[in-house]
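For reference, the structure is listed below as structure tokens.
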Amino acid sequence: MRKYKSHIARKLSSLTGMDESDIGSLIETPPSDDLGDLAFPCFSLAKSLKKAPAAIAGELKGRIEPDEFLERIETKGPYINFFIDKKRLIASVIAEIAGAEENYGGSNEGSGKTIVIEYSSPNIAKPFGIGHLRSTVIGAALKRIYSHLGYSVQGINHLGDWGTQFGKLIYAFKQWGDEARLKENPIEHLYEIYVKIHQWEEEDPGIADATREEFKKLENGDEENTALWERFSDLSRVEFEKIYKMLGVEFDSSPGESFYVDKMPAVEKSLMDLSLLVKSKDATVVDLEKYGMPPALIRKSDDTSLYATRDLAAAIYRKNEFDFHKMIYVVGVAQTLYFNQLFKVLELMGNKWVADCHHASFGWIKLGDEMMSTRKGNIVFLDDVIAKTIEKTKAIIEENSPGLPEPEKVAFEVGVGAVIFADLAYRRDTDISFDWAKMLDFRGYSGPYVQYTHARISSVLRKYGKGVPANCDSDLLKLPEEFAMAKILSRYSDIIDKAAREFEPFHISSYLLELCGVFNTYYQKYKSAEDRILSTDPGATDARISLINAAGIVLRSGLRLLGISAPEMM
RNA sequence: GCGCCCAUAGCUCAACUGGAUAGAGCGUCUGACUACGGAUCAGAAGGUUGGGGGUUCAACUCCUCCUGGGCGUACCA
């Protein structure tokens, strides 16, 4: 579709003198197909030409001739509407997808460039709730999307394995730690004593001093505390690994915050050299009042470090290590101010590359009308959700597809797919309302719906009995849905670009649903012997098979980018 | 208090970043299975886009005020 846009932009540019890319960004899709395939609104020319937009449209239309790309051109009021040459579009889309296969929609725009993405980043000793899923799934999708565009991507799991909380944890474990329970279910046990110490602190402020002291000892290398911390950390990592394996999520490294502890002094030294550090209320801070922000805390009054200290070190380390083209932090919206502060401090340190750092924030997951949070204790566990979606899938398979090969494997793929899709079906910044009924509803727009459509296409291809024809006469594809499908397929690369540009995997989910909708209508609407995909006309059948094969490839590709598998049968 | 974000069909979300008649799914009602897979499809009903004012050829989108919610706001991450 991009080719057609720039073709039109080039023509209009030579006629009006307007910048080609300016025109390109004005070109839009008409609200309905019978108005045309692409449109140019003439309002922006009205001022410079001092004429009514509608008049300009009429005049320009008279000076554009249809050509091999454009079948005809019409005007409607101030809009010039372009009708794309259908046969050409269908033929080229089929050929392009068949040629590129799984690489369709990709590019090499990222070759030689590295993108660093920080995502997931759960806290050691805290349960992996469905809230952590968002960062994990969005980040993993972005990683695949950027890879598809030729970037080299560094996926980093910035585990919360350092900080004041470990003082609490160590103190609590020394009080109530149970070796057997720690081995059996480390996260559950650690979280339990963490909650307990938290409550105790609220009742007795003296305890807070004691827990702070434990963290201080840890940061100063105390042997006993370091040993405890190491065990907590190792055990938690093993637990998280199980979840990542289930979700099919991978990282290039999982250094955790602790990795940057020995890199903090250098950062603090340069802050000092730049006279950016100020003592304030016994703490060490970077004053940001000039920029309308509260100060960035670098060192607490008890002389221990903070997350900002470690994040500064991490950012600088990553720039040196990877020389990234972009760095993306997939972190919740609650930390927006914090990232503004972090980026500002990096800027004040003279790091121009801070302009390449982005906070890809995401909204909360609500349970009822409350935000889900570990603190409030109203969280839903990821394990439970996945277990239930798998169970539900099994029930449906038993009902609808008895005798399906590898039912366990398929149930797993569909169940996990449902969970991932449910998370990526919304724009990042919207708060998601978690609802069991909705989660377990595989009808309508959902992950299983997309997978089902893919399986359906696979089924027709199987029934066709031969390999997808190498050549076909696509001129035989005359049904409106066939053109509509080709048009959607031609937009795939634009969608991927947009998803990458805006850090929004949602655009891909939304696109896949649109594609499924058109295919399913097409599939269901034409039942006569001549109009079906597998029809009495061998030529038309070959052409239709070629088209739906292309649709199948795109569905598979899109699902893969989202991190969802595409079973052939389900 | 100050700052940022949100408010769209009964519910959950879209709307190409200022463009043509605001669209989907679920729910409700009505239809399509001796099937190229019904985990599907077709149709109907459902809206003063929270409210007022403004900016302009054009506002769900931008500015302003109001109402109602959320988050953040120095020693948590």
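Going by the structure tokens order, chains are called A, B, ..., each with residues numbered from 1, while ligands are numbered from 1 in the order shown.
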
**Study point:** In stretch 383-496 of chain A, DSSP helix (DSSP H, G or I) residues written as number ranges by chain
**Key:** A: 383-400, 407-424, 436-439, 447-464, 474-476, 480-490, 492-496

Practice item. Could you please tell me, as number ranges by chain, which residues of chain B have an atom within 8 Å of chain A when using only C-alpha atoms (C1' of nucleotides)? Key: B: 12-13, 16, 19-20, 25-26, 36-37, 39-41, 57, 71-77

Exercise for review: Could you give me, as a list in words, the residues within 12 Å of B:G53, counting only C-alpha atoms (C1' of nucleotides) and dropping anything in the same chain fewer than 6 positions from it?
Suggested key: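 My list of contacting residues is C63, U64, C65 and C66 of chain B.
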
Check your understanding: Near A:Ser120, counting only C-alpha atoms (C1' of nucleotides), which residues have an atom at most 8 Å away, once you skip same-chain residues fewer than 6 positions from it, shown as a PyMOL selection string?
Key -> chain A and resi 132-137+139+157-159+330

Deliver the residues from the most recent selection as a file, using N, CA, C and O atoms, as a PDB file, in the first residue's frame.
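Contents of the output file out_24.pdb:
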ATOM      1  N   HIS A 132       2.632  -8.189  36.076  1.00  0.00           N
ATOM      2  CA  HIS A 132       3.964  -8.261  35.475  1.00  0.00           C
ATOM      3  C   HIS A 132       3.917  -8.764  34.046  1.00  0.00           C
ATOM      4  O   HIS A 132       4.839  -8.597  33.282  1.00  0.00           O
ATOM      5  N   LEU A 133       2.797  -9.407  33.763  1.00  0.00           N
ATOM      6  CA  LEU A 133       2.652  -9.962  32.434  1.00  0.00           C
ATOM      7  C   LEU A 133       2.735  -8.888  31.363  1.00  0.00           C
ATOM      8  O   LEU A 133       3.292  -9.102  30.289  1.00  0.00           O
ATOM      9  N   ARG A 134       2.193  -7.736  31.662  1.00  0.00           N
ATOM     10  CA  ARG A 134       2.148  -6.691  30.629  1.00  0.00           C
ATOM     11  C   ARG A 134       3.535  -6.298  30.159  1.00  0.00           C
ATOM     12  O   ARG A 134       3.817  -6.276  28.969  1.00  0.00           O
ATOM     13  N   SER A 135       4.393  -5.972  31.093  1.00  0.00           N
ATOM     14  CA  SER A 135       5.746  -5.584  30.725  1.00  0.00           C
ATOM     15  C   SER A 135       6.420  -6.712  29.949  1.00  0.00           C
ATOM     16  O   SER A 135       7.057  -6.486  28.923  1.00  0.00           O
ATOM     17  N   THR A 136       6.241  -7.919  30.441  1.00  0.00           N
ATOM     18  CA  THR A 136       6.882  -9.077  29.833  1.00  0.00           C
ATOM     19  C   THR A 136       6.438  -9.280  28.395  1.00  0.00           C
ATOM     20  O   THR A 136       7.243  -9.433  27.479  1.00  0.00           O
ATOM     21  N   VAL A 137       5.129  -9.264  28.213  1.00  0.00           N
ATOM     22  CA  VAL A 137       4.566  -9.596  26.921  1.00  0.00           C
ATOM     23  C   VAL A 137       4.750  -8.456  25.909  1.00  0.00           C
ATOM     24  O   VAL A 137       5.044  -8.679  24.739  1.00  0.00           O
ATOM     25  N   GLY A 139       7.173  -6.174  26.033  1.00  0.00           N
ATOM     26  CA  GLY A 139       8.599  -6.110  25.726  1.00  0.00           C
ATOM     27  C   GLY A 139       9.035  -7.216  24.789  1.00  0.00           C
ATOM     28  O   GLY A 139       9.772  -6.974  23.830  1.00  0.00           O
ATOM     29  N   ASN A 157      16.301  -8.274  31.141  1.00  0.00           N
ATOM     30  CA  ASN A 157      15.409  -8.432  32.280  1.00  0.00           C
ATOM     31  C   ASN A 157      16.076  -7.772  33.489  1.00  0.00           C
ATOM     32  O   ASN A 157      17.002  -8.312  34.079  1.00  0.00           O
ATOM     33  N   HIS A 158      15.579  -6.593  33.819  1.00  0.00           N
ATOM     34  CA  HIS A 158      16.183  -5.786  34.882  1.00  0.00           C
ATOM     35  C   HIS A 158      15.553  -6.211  36.212  1.00  0.00           C
ATOM     36  O   HIS A 158      14.758  -5.459  36.807  1.00  0.00           O
ATOM     37  N   LEU A 159      15.919  -7.373  36.677  1.00  0.00           N
ATOM     38  CA  LEU A 159      15.315  -7.928  37.893  1.00  0.00           C
ATOM     39  C   LEU A 159      15.515  -7.031  39.103  1.00  0.00           C
ATOM     40  O   LEU A 159      16.598  -6.481  39.309  1.00  0.00           O
ATOM     41  N   VAL A 330      10.193  -0.728  29.184  1.00  0.00           N
ATOM     42  CA  VAL A 330       8.785  -1.119  29.268  1.00  0.00           C
ATOM     43  C   VAL A 330       8.411  -1.225  30.743  1.00  0.00           C
ATOM     44  O   VAL A 330       8.582  -2.263  31.374  1.00  0.00           O
TER      45      VAL A 330
END

Review point. Which residues come within 12 Å of B:G46, counting only C-alpha atoms (C1' of nucleotides), excluding same-chain residues fewer than 6 positions away, as a list in words?
Key: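 Once the nearby chain positions are removed, what remains is A9, G10, G27, U28 and C29 of chain B.
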
Exercise for review: Would you list the contacts of B:U49 as a PyMOL selection string, taking every protein, DNA or RNA residue within 10 Å and counting only C-alpha atoms (C1' of nucleotides), but skipping same-chain residues closer than 3 positions in sequence?
Suggested key: chain B and resi 7-8+22+60

Exercise for review: Using only C-alpha atoms (C1' of nucleotides), find the one residue out of B:G43, B:U56, B:G50, B:U30 that sits nearest to B:G68.
Suggested key: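 Closest residue, counting only C-alpha atoms (C1' of nucleotides): B:G50.
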